[in-house]
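Shown here: structure05.csv, CSV, C-alpha atoms and all ligand atoms.
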```
chain,number,residue,atom,x,y,z
E,1,MET,CA,88.7,-49.3,-142.3
E,2,SER,CA,87.8,-45.8,-141.0
E,3,ILE,CA,87.8,-45.3,-137.3
E,4,ASP,CA,84.1,-44.3,-137.4
E,5,LYS,CA,83.2,-47.6,-139.0
E,6,LYS,CA,85.4,-49.6,-136.6
E,7,ILE,CA,83.7,-47.9,-133.6
E,8,VAL,CA,80.2,-48.6,-134.9
E,9,ASP,CA,81.2,-52.2,-135.9
E,10,ASP,CA,82.2,-52.8,-132.2
E,11,LEU,CA,78.9,-51.4,-131.0
E,12,VAL,CA,76.9,-53.6,-133.4
E,13,ALA,CA,79.0,-56.6,-132.5
E,14,ASN,CA,78.1,-56.1,-128.9
E,15,ASP,CA,74.4,-55.9,-129.7
E,16,VAL,CA,74.1,-52.2,-129.0
E,17,SER,CA,70.9,-51.3,-131.0
E,18,PHE,CA,69.6,-48.1,-129.4
E,19,ILE,CA,71.8,-45.0,-129.6
E,20,THR,CA,71.0,-41.5,-128.7
E,21,THR,CA,73.3,-38.7,-129.8
E,22,VAL,CA,73.8,-35.0,-129.1
E,23,PRO,CA,76.0,-33.6,-131.9
E,24,CYS,CA,79.7,-32.8,-131.9
E,25,LYS,CA,82.0,-31.9,-134.8
E,26,GLN,CA,84.5,-34.6,-133.8
E,27,LEU,CA,81.8,-37.3,-133.6
E,28,ALA,CA,80.0,-36.3,-136.8
E,29,GLY,CA,81.4,-39.2,-138.7
E,30,VAL,CA,80.4,-41.8,-136.0
E,31,ILE,CA,77.0,-40.3,-135.8
E,32,ASP,CA,76.5,-40.5,-139.5
E,33,GLU,CA,77.7,-44.2,-139.4
E,34,VAL,CA,75.2,-44.9,-136.5
E,35,ASP,CA,72.4,-43.3,-138.5
E,36,ALA,CA,73.2,-45.4,-141.5
E,37,ARG,CA,73.2,-48.8,-139.8
E,38,PRO,CA,70.0,-50.8,-140.0
E,39,GLU,CA,70.9,-52.7,-136.8
E,40,ILE,CA,70.8,-49.5,-134.8
E,41,PHE,CA,67.8,-47.3,-133.9
E,42,HIS,CA,69.2,-43.8,-133.8
E,43,ILE,CA,67.3,-41.2,-131.8
E,44,PRO,CA,68.9,-37.7,-131.5
E,45,SER,CA,68.1,-36.1,-128.1
E,46,ASN,CA,67.9,-32.4,-127.3
E,47,LYS,CA,69.8,-32.7,-124.0
E,48,GLU,CA,72.0,-35.4,-122.7
E,49,ASP,CA,69.9,-36.1,-119.5
E,50,GLU,CA,66.9,-36.6,-121.7
E,51,GLY,CA,69.0,-39.0,-123.7
E,52,MET,CA,70.0,-41.0,-120.6
E,53,GLY,CA,66.3,-41.3,-119.8
E,54,LEU,CA,65.6,-42.7,-123.2
E,55,CYS,CA,68.5,-45.2,-122.8
E,56,ALA,CA,67.2,-46.3,-119.3
E,57,GLY,CA,63.8,-47.1,-120.9
E,58,ALA,CA,65.3,-48.8,-123.9
E,59,TRP,CA,67.5,-51.0,-121.6
E,60,MET,CA,64.5,-52.0,-119.5
E,61,GLY,CA,62.7,-52.8,-122.8
E,62,GLY,CA,65.5,-55.3,-123.7
E,63,LYS,CA,67.8,-53.3,-125.9
E,64,ARG,CA,71.4,-52.4,-125.3
E,65,PRO,CA,71.7,-48.6,-125.4
E,66,ALA,CA,74.6,-46.1,-125.8
E,67,ILE,CA,74.9,-42.4,-125.7
E,68,ILE,CA,77.2,-40.3,-127.8
E,69,MET,CA,77.9,-36.8,-126.5
E,70,GLN,CA,80.5,-34.1,-125.6
E,71,ASN,CA,82.3,-33.9,-122.3
E,72,THR,CA,80.4,-30.7,-121.5
E,73,ALA,CA,77.5,-33.0,-121.0
E,74,ILE,CA,79.1,-34.4,-117.8
E,75,GLY,CA,78.1,-31.1,-116.3
E,76,VAL,CA,74.5,-31.5,-117.4
E,77,THR,CA,74.0,-35.2,-116.4
E,78,ILE,CA,75.6,-35.6,-112.9
E,79,ASN,CA,72.2,-35.9,-111.3
E,80,THR,CA,70.8,-38.3,-113.9
E,81,LEU,CA,73.9,-40.5,-113.7
E,82,ALA,CA,73.6,-40.7,-109.9
E,83,THR,CA,69.9,-41.0,-109.4
E,84,LEU,CA,68.9,-43.0,-112.5
E,85,THR,CA,71.7,-44.9,-114.2
E,86,GLN,CA,73.7,-45.7,-111.1
E,87,TYR,CA,70.9,-45.8,-108.5
E,88,TYR,CA,68.9,-48.4,-110.5
E,89,ARG,CA,72.1,-50.0,-111.7
E,90,MET,CA,71.9,-49.7,-115.4
E,91,PRO,CA,74.6,-50.1,-118.1
E,92,LEU,CA,75.4,-47.1,-120.3
E,93,PRO,CA,78.4,-46.8,-122.6
E,94,MET,CA,79.1,-43.1,-123.1
E,95,LEU,CA,81.2,-42.3,-126.1
E,96,ILE,CA,82.4,-38.8,-125.4
E,97,SER,CA,84.1,-36.3,-127.4
E,98,TYR,CA,86.8,-34.9,-125.1
E,99,ARG,CA,86.9,-31.3,-126.1
E,100,GLY,CA,89.4,-28.9,-124.6
E,101,GLU,CA,92.4,-31.2,-124.8
E,102,LEU,CA,95.7,-30.8,-126.8
E,103,ARG,CA,95.1,-29.2,-130.3
E,104,GLU,CA,91.8,-27.6,-129.1
E,105,PRO,CA,91.2,-24.3,-130.9
E,106,VAL,CA,88.3,-23.0,-128.7
E,107,ALA,CA,89.5,-21.7,-125.3
E,108,CYS,CA,86.2,-22.1,-123.5
E,109,GLN,CA,86.2,-25.9,-124.2
E,110,VAL,CA,89.2,-26.2,-121.8
E,111,GLU,CA,87.1,-24.9,-118.9
E,112,MET,CA,85.1,-28.1,-118.9
E,113,ALA,CA,88.0,-30.3,-120.0
E,114,VAL,CA,89.8,-29.6,-116.7
E,115,HIS,CA,86.8,-30.8,-114.7
E,116,THR,CA,85.9,-33.8,-116.9
E,117,LYS,CA,88.1,-36.6,-115.3
E,118,ALA,CA,87.7,-35.2,-111.8
E,119,LEU,CA,83.9,-35.3,-112.1
E,120,LEU,CA,84.0,-38.8,-113.6
E,121,ASN,CA,86.3,-39.9,-110.9
E,122,GLN,CA,84.1,-38.4,-108.2
E,123,MET,CA,81.2,-40.3,-109.6
E,124,ASN,CA,83.1,-43.6,-109.6
E,125,ILE,CA,82.5,-44.0,-113.3
E,126,PRO,CA,85.0,-46.3,-115.0
E,127,THR,CA,86.8,-44.0,-117.5
E,128,TYR,CA,88.9,-44.8,-120.6
E,129,HIS,CA,90.8,-42.2,-122.6
E,130,PHE,CA,91.4,-42.8,-126.3
E,131,HIS,CA,94.4,-40.6,-127.4
E,132,LYS,CA,95.9,-42.7,-130.2
E,133,GLU,CA,93.9,-44.5,-132.8
E,134,SER,CA,95.1,-47.9,-131.6
E,135,ASP,CA,93.5,-47.1,-128.2
E,136,ALA,CA,90.2,-47.9,-129.8
E,137,ASP,CA,91.3,-51.6,-130.0
E,138,GLU,CA,90.0,-51.8,-126.4
E,139,LEU,CA,86.4,-50.6,-127.3
E,140,ASP,CA,85.1,-54.2,-127.7
E,141,ALA,CA,86.4,-55.1,-124.2
E,142,ILE,CA,85.0,-51.9,-122.7
E,143,LEU,CA,81.6,-52.5,-124.1
E,144,LYS,CA,81.6,-56.1,-122.7
E,145,TYR,CA,82.7,-54.8,-119.4
E,146,THR,CA,79.9,-52.2,-119.3
E,147,PHE,CA,77.2,-54.7,-119.9
E,148,MET,CA,78.8,-57.1,-117.5
E,149,CYS,CA,78.8,-54.7,-114.5
E,150,ASN,CA,75.7,-52.6,-115.3
E,151,LYS,CA,77.4,-49.3,-114.8
E,152,PRO,CA,77.7,-46.1,-116.8
E,153,VAL,CA,81.2,-46.2,-118.4
E,154,ALA,CA,83.0,-43.2,-120.0
E,155,ILE,CA,85.1,-43.4,-123.2
E,156,LEU,CA,86.8,-40.1,-123.7
E,157,THR,CA,88.0,-39.5,-127.2
E,158,ASP,CA,90.3,-36.5,-127.7
E,159,ALA,CA,91.4,-34.4,-130.7
E,160,SER,CA,94.6,-36.3,-131.2
E,161,PHE,CA,92.6,-39.5,-131.4
E,162,TRP,CA,90.4,-38.0,-134.1
E,163,GLY,CA,93.4,-36.6,-136.0
E,164,GLY,CA,93.2,-33.0,-134.9
E,165,TYR,CA,90.9,-30.2,-136.1
E,166,GLY,CA,92.3,-29.9,-139.6
E,167,ASP,CA,92.9,-26.4,-140.7
E,168,GLN,CA,90.7,-24.8,-138.0
I,1,MET,CA,39.8,-33.5,-108.3
I,2,ILE,CA,43.4,-33.6,-107.1
I,3,ARG,CA,46.1,-35.9,-108.6
I,4,SER,CA,45.7,-38.7,-106.1
I,5,GLU,CA,42.0,-38.9,-106.8
I,6,ILE,CA,42.6,-39.1,-110.5
I,7,LEU,CA,45.2,-41.9,-110.0
I,8,ARG,CA,42.7,-43.8,-107.8
I,9,GLU,CA,40.1,-43.5,-110.6
I,10,ILE,CA,42.4,-44.6,-113.4
I,11,ALA,CA,44.3,-47.3,-111.4
I,12,PRO,CA,42.1,-50.1,-112.8
I,13,ILE,CA,43.1,-49.0,-116.4
I,14,LEU,CA,46.7,-48.6,-115.5
I,15,HIS,CA,46.8,-52.0,-113.7
I,16,ASP,CA,47.2,-54.0,-117.0
I,17,GLN,CA,49.8,-51.6,-118.6
I,18,LEU,CA,53.4,-50.8,-118.2
I,19,VAL,CA,53.5,-47.5,-116.3
I,20,VAL,CA,56.5,-45.2,-115.7
I,21,CYS,CA,55.5,-42.9,-112.9
I,22,ASN,CA,56.9,-39.5,-112.1
I,23,ILE,CA,59.2,-38.8,-109.1
I,24,GLY,CA,57.7,-37.8,-105.7
I,25,LEU,CA,54.1,-37.9,-104.7
I,26,PRO,CA,52.7,-39.4,-108.0
I,27,SER,CA,54.9,-42.5,-107.5
I,28,GLN,CA,54.1,-42.6,-103.8
I,29,GLU,CA,50.4,-42.4,-104.5
I,30,LEU,CA,50.4,-45.0,-107.3
I,31,HIS,CA,52.5,-47.3,-105.0
I,32,MET,CA,49.9,-46.9,-102.3
I,33,ILE,CA,46.9,-47.3,-104.6
I,34,ASP,CA,48.1,-50.3,-106.7
I,35,ASP,CA,51.6,-51.4,-106.2
I,36,ASN,CA,52.5,-54.0,-108.9
I,37,ALA,CA,55.4,-55.2,-111.0
I,38,LYS,CA,54.3,-53.2,-114.1
I,39,ASN,CA,54.9,-49.9,-112.3
I,40,PHE,CA,58.3,-48.3,-112.5
I,41,TYR,CA,58.6,-45.7,-109.8
I,42,MET,CA,61.0,-42.9,-110.2
I,43,LEU,CA,62.8,-42.1,-106.9
I,44,GLY,CA,64.8,-39.2,-108.4
I,45,THR,CA,65.7,-37.5,-111.6
I,46,MET,CA,62.9,-35.0,-112.0
I,47,GLY,CA,61.7,-34.6,-115.6
I,48,LEU,CA,62.6,-37.9,-117.1
I,49,SER,CA,59.4,-39.9,-116.8
I,50,SER,CA,58.4,-39.1,-120.4
I,51,SER,CA,61.9,-40.0,-121.7
I,52,ILE,CA,62.2,-43.3,-119.8
I,53,GLY,CA,58.7,-44.3,-120.8
I,54,PHE,CA,59.4,-43.3,-124.4
I,55,GLY,CA,62.6,-45.2,-124.6
I,56,LEU,CA,60.8,-48.3,-123.3
I,57,ALA,CA,58.0,-47.9,-125.8
I,58,LEU,CA,60.5,-47.7,-128.7
I,59,ALA,CA,62.4,-50.8,-127.5
I,60,GLN,CA,59.5,-53.2,-127.3
I,61,ASP,CA,55.8,-53.6,-128.4
I,62,LYS,CA,53.8,-53.4,-125.2
I,63,ILE,CA,51.8,-50.2,-124.4
I,64,VAL,CA,53.7,-47.9,-122.1
I,65,ILE,CA,52.1,-45.1,-120.2
I,66,SER,CA,54.2,-42.3,-118.7
I,67,ILE,CA,52.6,-40.5,-115.9
I,68,ASP,CA,54.1,-37.0,-115.7
I,69,GLY,CA,53.4,-33.6,-114.2
I,70,ASP,CA,53.2,-30.2,-115.6
I,71,GLY,CA,56.3,-29.1,-113.6
I,72,SER,CA,58.3,-32.1,-114.7
I,73,VAL,CA,57.4,-31.7,-118.4
I,74,LEU,CA,58.6,-28.0,-118.0
I,75,THR,CA,61.8,-29.3,-116.6
I,76,ASN,CA,62.4,-31.5,-119.7
I,77,LEU,CA,60.6,-29.6,-122.4
I,78,GLY,CA,63.0,-31.0,-125.0
I,79,THR,CA,61.3,-34.3,-124.6
I,80,LEU,CA,58.2,-33.2,-126.7
I,81,PRO,CA,60.0,-32.7,-130.0
I,82,THR,CA,61.8,-36.0,-129.5
I,83,ILE,CA,58.5,-37.8,-128.9
I,84,ALA,CA,56.8,-36.0,-131.8
I,85,ASN,CA,59.5,-36.9,-134.3
I,86,ASN,CA,59.9,-40.5,-133.4
I,87,VAL,CA,56.3,-41.8,-133.3
I,88,ALA,CA,55.7,-44.9,-131.2
I,89,ASP,CA,52.1,-45.9,-131.4
I,90,ASN,CA,52.4,-47.9,-128.2
I,91,TYR,CA,53.2,-44.8,-126.2
I,92,ILE,CA,50.9,-42.6,-124.1
I,93,LEU,CA,52.1,-39.6,-122.2
I,94,MET,CA,49.6,-38.5,-119.5
I,95,ILE,CA,50.5,-35.1,-118.1
I,96,ILE,CA,48.6,-34.4,-114.9
I,97,ASP,CA,48.5,-30.6,-115.0
I,98,ASN,CA,47.6,-29.1,-111.7
I,99,GLY,CA,49.4,-25.9,-112.4
I,100,SER,CA,51.8,-26.4,-109.5
I,101,TYR,CA,54.9,-28.2,-108.3
I,102,GLY,CA,53.0,-30.5,-106.1
I,103,SER,CA,55.8,-32.5,-104.5
I,104,THR,CA,57.6,-29.4,-103.3
I,105,GLY,CA,54.7,-27.6,-101.7
I,106,ASP,CA,52.5,-26.5,-104.6
I,107,GLN,CA,54.5,-23.6,-105.9
I,108,PRO,CA,52.8,-22.4,-109.1
I,109,THR,CA,54.3,-23.5,-112.5
I,110,TYR,CA,54.1,-21.5,-115.7
I,111,ALA,CA,51.7,-24.2,-117.0
I,112,GLY,CA,49.3,-22.8,-114.4
I,113,LYS,CA,49.8,-19.3,-115.8
I,114,LYS,CA,50.2,-18.5,-119.5
I,115,THR,CA,51.8,-21.6,-120.9
I,116,LYS,CA,49.5,-24.3,-122.3
I,117,LEU,CA,51.3,-27.6,-122.4
I,118,GLU,CA,48.8,-29.0,-124.9
I,119,ASN,CA,49.7,-26.1,-127.3
I,120,VAL,CA,53.4,-26.7,-126.7
I,121,ALA,CA,53.0,-30.4,-127.5
I,122,ALA,CA,51.0,-29.7,-130.7
I,123,ALA,CA,53.6,-27.0,-131.7
I,124,CYS,CA,56.4,-29.6,-131.2
I,125,GLY,CA,54.6,-31.8,-133.8
I,126,CYS,CA,52.7,-34.3,-131.5
I,127,GLU,CA,49.7,-35.3,-133.7
I,128,SER,CA,47.3,-36.6,-131.1
I,129,VAL,CA,47.0,-34.3,-128.2
I,130,VAL,CA,44.0,-34.5,-126.0
I,131,THR,CA,43.0,-32.1,-123.2
I,132,VAL,CA,40.5,-33.2,-120.6
I,133,GLN,CA,39.2,-32.3,-117.2
I,134,ASP,CA,40.0,-34.5,-114.3
I,135,VAL,CA,36.7,-36.4,-114.3
I,136,ASP,CA,37.3,-37.5,-117.9
I,137,ALA,CA,40.9,-38.8,-117.4
I,138,GLY,CA,39.9,-42.4,-117.3
I,139,LYS,CA,37.8,-42.1,-120.5
I,140,ALA,CA,40.5,-40.3,-122.3
I,141,LEU,CA,43.2,-42.9,-121.2
I,142,GLN,CA,41.0,-45.8,-122.3
I,143,ALA,CA,40.3,-44.1,-125.6
I,144,ALA,CA,44.1,-43.5,-126.2
I,145,ILE,CA,44.8,-47.2,-125.4
I,146,ASP,CA,42.1,-48.3,-127.8
I,147,SER,CA,43.2,-45.9,-130.6
I,148,LYS,CA,46.6,-47.6,-130.9
I,149,LYS,CA,48.0,-44.1,-131.7
I,150,MET,CA,50.7,-42.3,-129.8
I,151,THR,CA,48.7,-39.8,-127.6
I,152,ILE,CA,49.6,-37.0,-125.3
I,153,ILE,CA,46.8,-36.5,-122.7
I,154,VAL,CA,46.8,-33.3,-120.6
I,155,VAL,CA,44.6,-33.7,-117.6
I,156,LYS,CA,43.6,-30.4,-116.0
I,157,CYS,CA,43.0,-30.7,-112.3
I,158,GLU,CA,43.3,-28.9,-108.9
I,159,SER,CA,46.5,-28.8,-107.0
I,160,GLY,CA,46.6,-30.5,-103.6
I,161,ASN,CA,48.3,-33.4,-101.9
I,162,ILE,CA,47.6,-36.2,-99.4
I,163,LYS,CA,50.0,-37.3,-96.7
I,164,LEU,CA,51.7,-40.6,-97.4
I,165,PRO,CA,55.0,-42.3,-96.8
I,166,VAL,CA,58.0,-42.3,-99.1
I,167,ILE,CA,58.7,-45.5,-101.1
I,168,THR,CA,61.3,-47.6,-99.3
I,169,MET,CA,61.7,-50.3,-102.0
I,170,ASP,CA,65.2,-50.6,-103.3
I,171,PRO,CA,65.6,-49.1,-106.8
I,172,VAL,CA,67.3,-52.2,-108.1
I,173,VAL,CA,64.3,-54.3,-106.9
I,174,ILE,CA,61.8,-51.9,-108.5
I,175,ARG,CA,63.8,-52.0,-111.8
I,176,ASP,CA,64.3,-55.8,-111.7
I,177,ARG,CA,60.7,-56.8,-111.1
I,178,PHE,CA,59.7,-54.2,-113.7
I,179,MET,CA,62.0,-55.7,-116.3
I,180,LYS,CA,60.6,-59.1,-115.6
I,181,ALA,CA,57.1,-57.7,-116.2
I,182,VAL,CA,58.2,-56.1,-119.4
I,183,ALA,CA,59.7,-59.3,-120.6
I,184,SER,CA,56.9,-61.6,-119.5
L,1,MG,MG,52.1,-30.3,-111.1
```

So that I can check it, write out the structure of this file as structure tokens.
Ligand SMILES: [Mg+2]
Amino acid sequence: MSIDKKIVDDLVANDVSFITTVPCKQLAGVIDEVDARPEIFHIPSNKEDEGMGLCAGAWMGGKRPAIIMQNTAIGVTINTLATLTQYYRMPLPMLISYRGELREPVACQVEMAVHTKALLNQMNIPTYHFHKESDADELDAILKYTFMCNKPVAILTDASFWGGYGDQ
Amino acid sequence: MIRSEILREIAPILHDQLVVCNIGLPSQELHMIDDNAKNFYMLGTMGLSSSIGFGLALAQDKIVISIDGDGSVLTNLGTLPTIANNVADNYILMIIDNGSYGSTGDQPTYAGKKTKLENVAAACGCESVVTVQDVDAGKALQAAIDSKKMTIIVVKCESGNIKLPVITMDPVVIRDRFMKAVAS
């Protein structure tokens, strides 16, 4: 089974039915899979804080949400995470493409990569780092944990996890 | 009319609906005029009233009204294409456009200058965009509810604020009672 399909299977099995996405090359396959599933309402957003607003509303409407985005978005969403998601105590799994790690071809991506874990740590956001494909075996438990504790939870997925950048 | 007078006038219509209310004075005013479980007050996160309300409308069938401001919509302008392209006919976005950032001391916004939010919404693809003067806000809101069509209402009014206290309710209490009202 492809890793994209496995990830989305875990989301569906945990009743996640409202997913907002901001595109990323590494996450393209997951986003396609999310879009294809009838169990999931997929709503692309223009910016990640907007997406977190949509997810907050969807959760209050009875749906389990998730956001799929790049780690650069942590810089965009600190205020929203603190004053909306955390302040009102809402669950939000964040499946994050961890750009700027080993095998990264674009130097600028490293500039946010070096801040990513520090920012998440500063925000007291539970953070999991998928480096090898088998790390995704924990996704089911991470999703259950997220909706148990009503917190935003970060799942960082790096280039090695996705099998590198091909011939780039 | 200023925003608090509009809210006072439309409060009887809002009373029966799920309302997501913008940060700052709008929430404080609504809380003072008609605090009830169907109101979700934003205590922070400027700009996201439309997004929170829209997510809620997409997730369930009850009518949802987002009360937003011109300044806040400008902060989150990307919300309008998202709304336009994912039509939810149980959703109404009411933008109270007083041409200023009311909660921070009435600094002028670009909406009070050259930018017309009703034109922006239409250009983004929103199909039902209504522009009214303050005195007609209630009529336009009731018409939008009755139409069962997703509607963006831009209410033009004067800037100006009344003095009132901050909301001291705990955010988790606001959210919990709101979720119970949504589910009831
Ligand atoms: Mg204003």

Neighbourhood of ligand MG 1 (chain L) at 6 Å, counting only C-alpha atoms and all ligand atoms, reported as a PyMOL selection string: chain I and resi 69-71+97-102

Near chain I, which residues of chain E fall within 7 Å when you count only C-alpha atoms, and what do they look like as a PyMOL selection string? chain E and resi 45-46+50+53-58+60-63+79-80+83-84+87-89

In terms of all atoms listed in the file, the residue from I:Asn161, I:Ser103, I:Ser4, I:Asn22 at minimal distance from Ile65 (chain I) is I:Asn22

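Considering the residues E:Met123, E:Ala154, E:Ala159, E:Val34 and counting all atoms listed in the file, Arg103 (chain E) has its shortest atom-to-atom contact with E:Ala159.
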
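With CA of His15 (chain I) on one side and CA of Glu29 (chain I) on the other, the separation reads 13.8 Å.
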
Could you pull the residues within 7 Å of region 119-135 of chain I, counting only C-alpha atoms, minus those fewer than 3 positions along the same chain, as a PyMOL selection string? chain I and resi 1+6+80-81+84+116+150-157

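Going from CA of Leu81 (chain E) to CA of Asp49 (chain E) covers 8.3 Å.
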
Atom pair CA of Lys144 (chain E) / CA of Pro65 (chain E): separation (Å): 12.7 Å
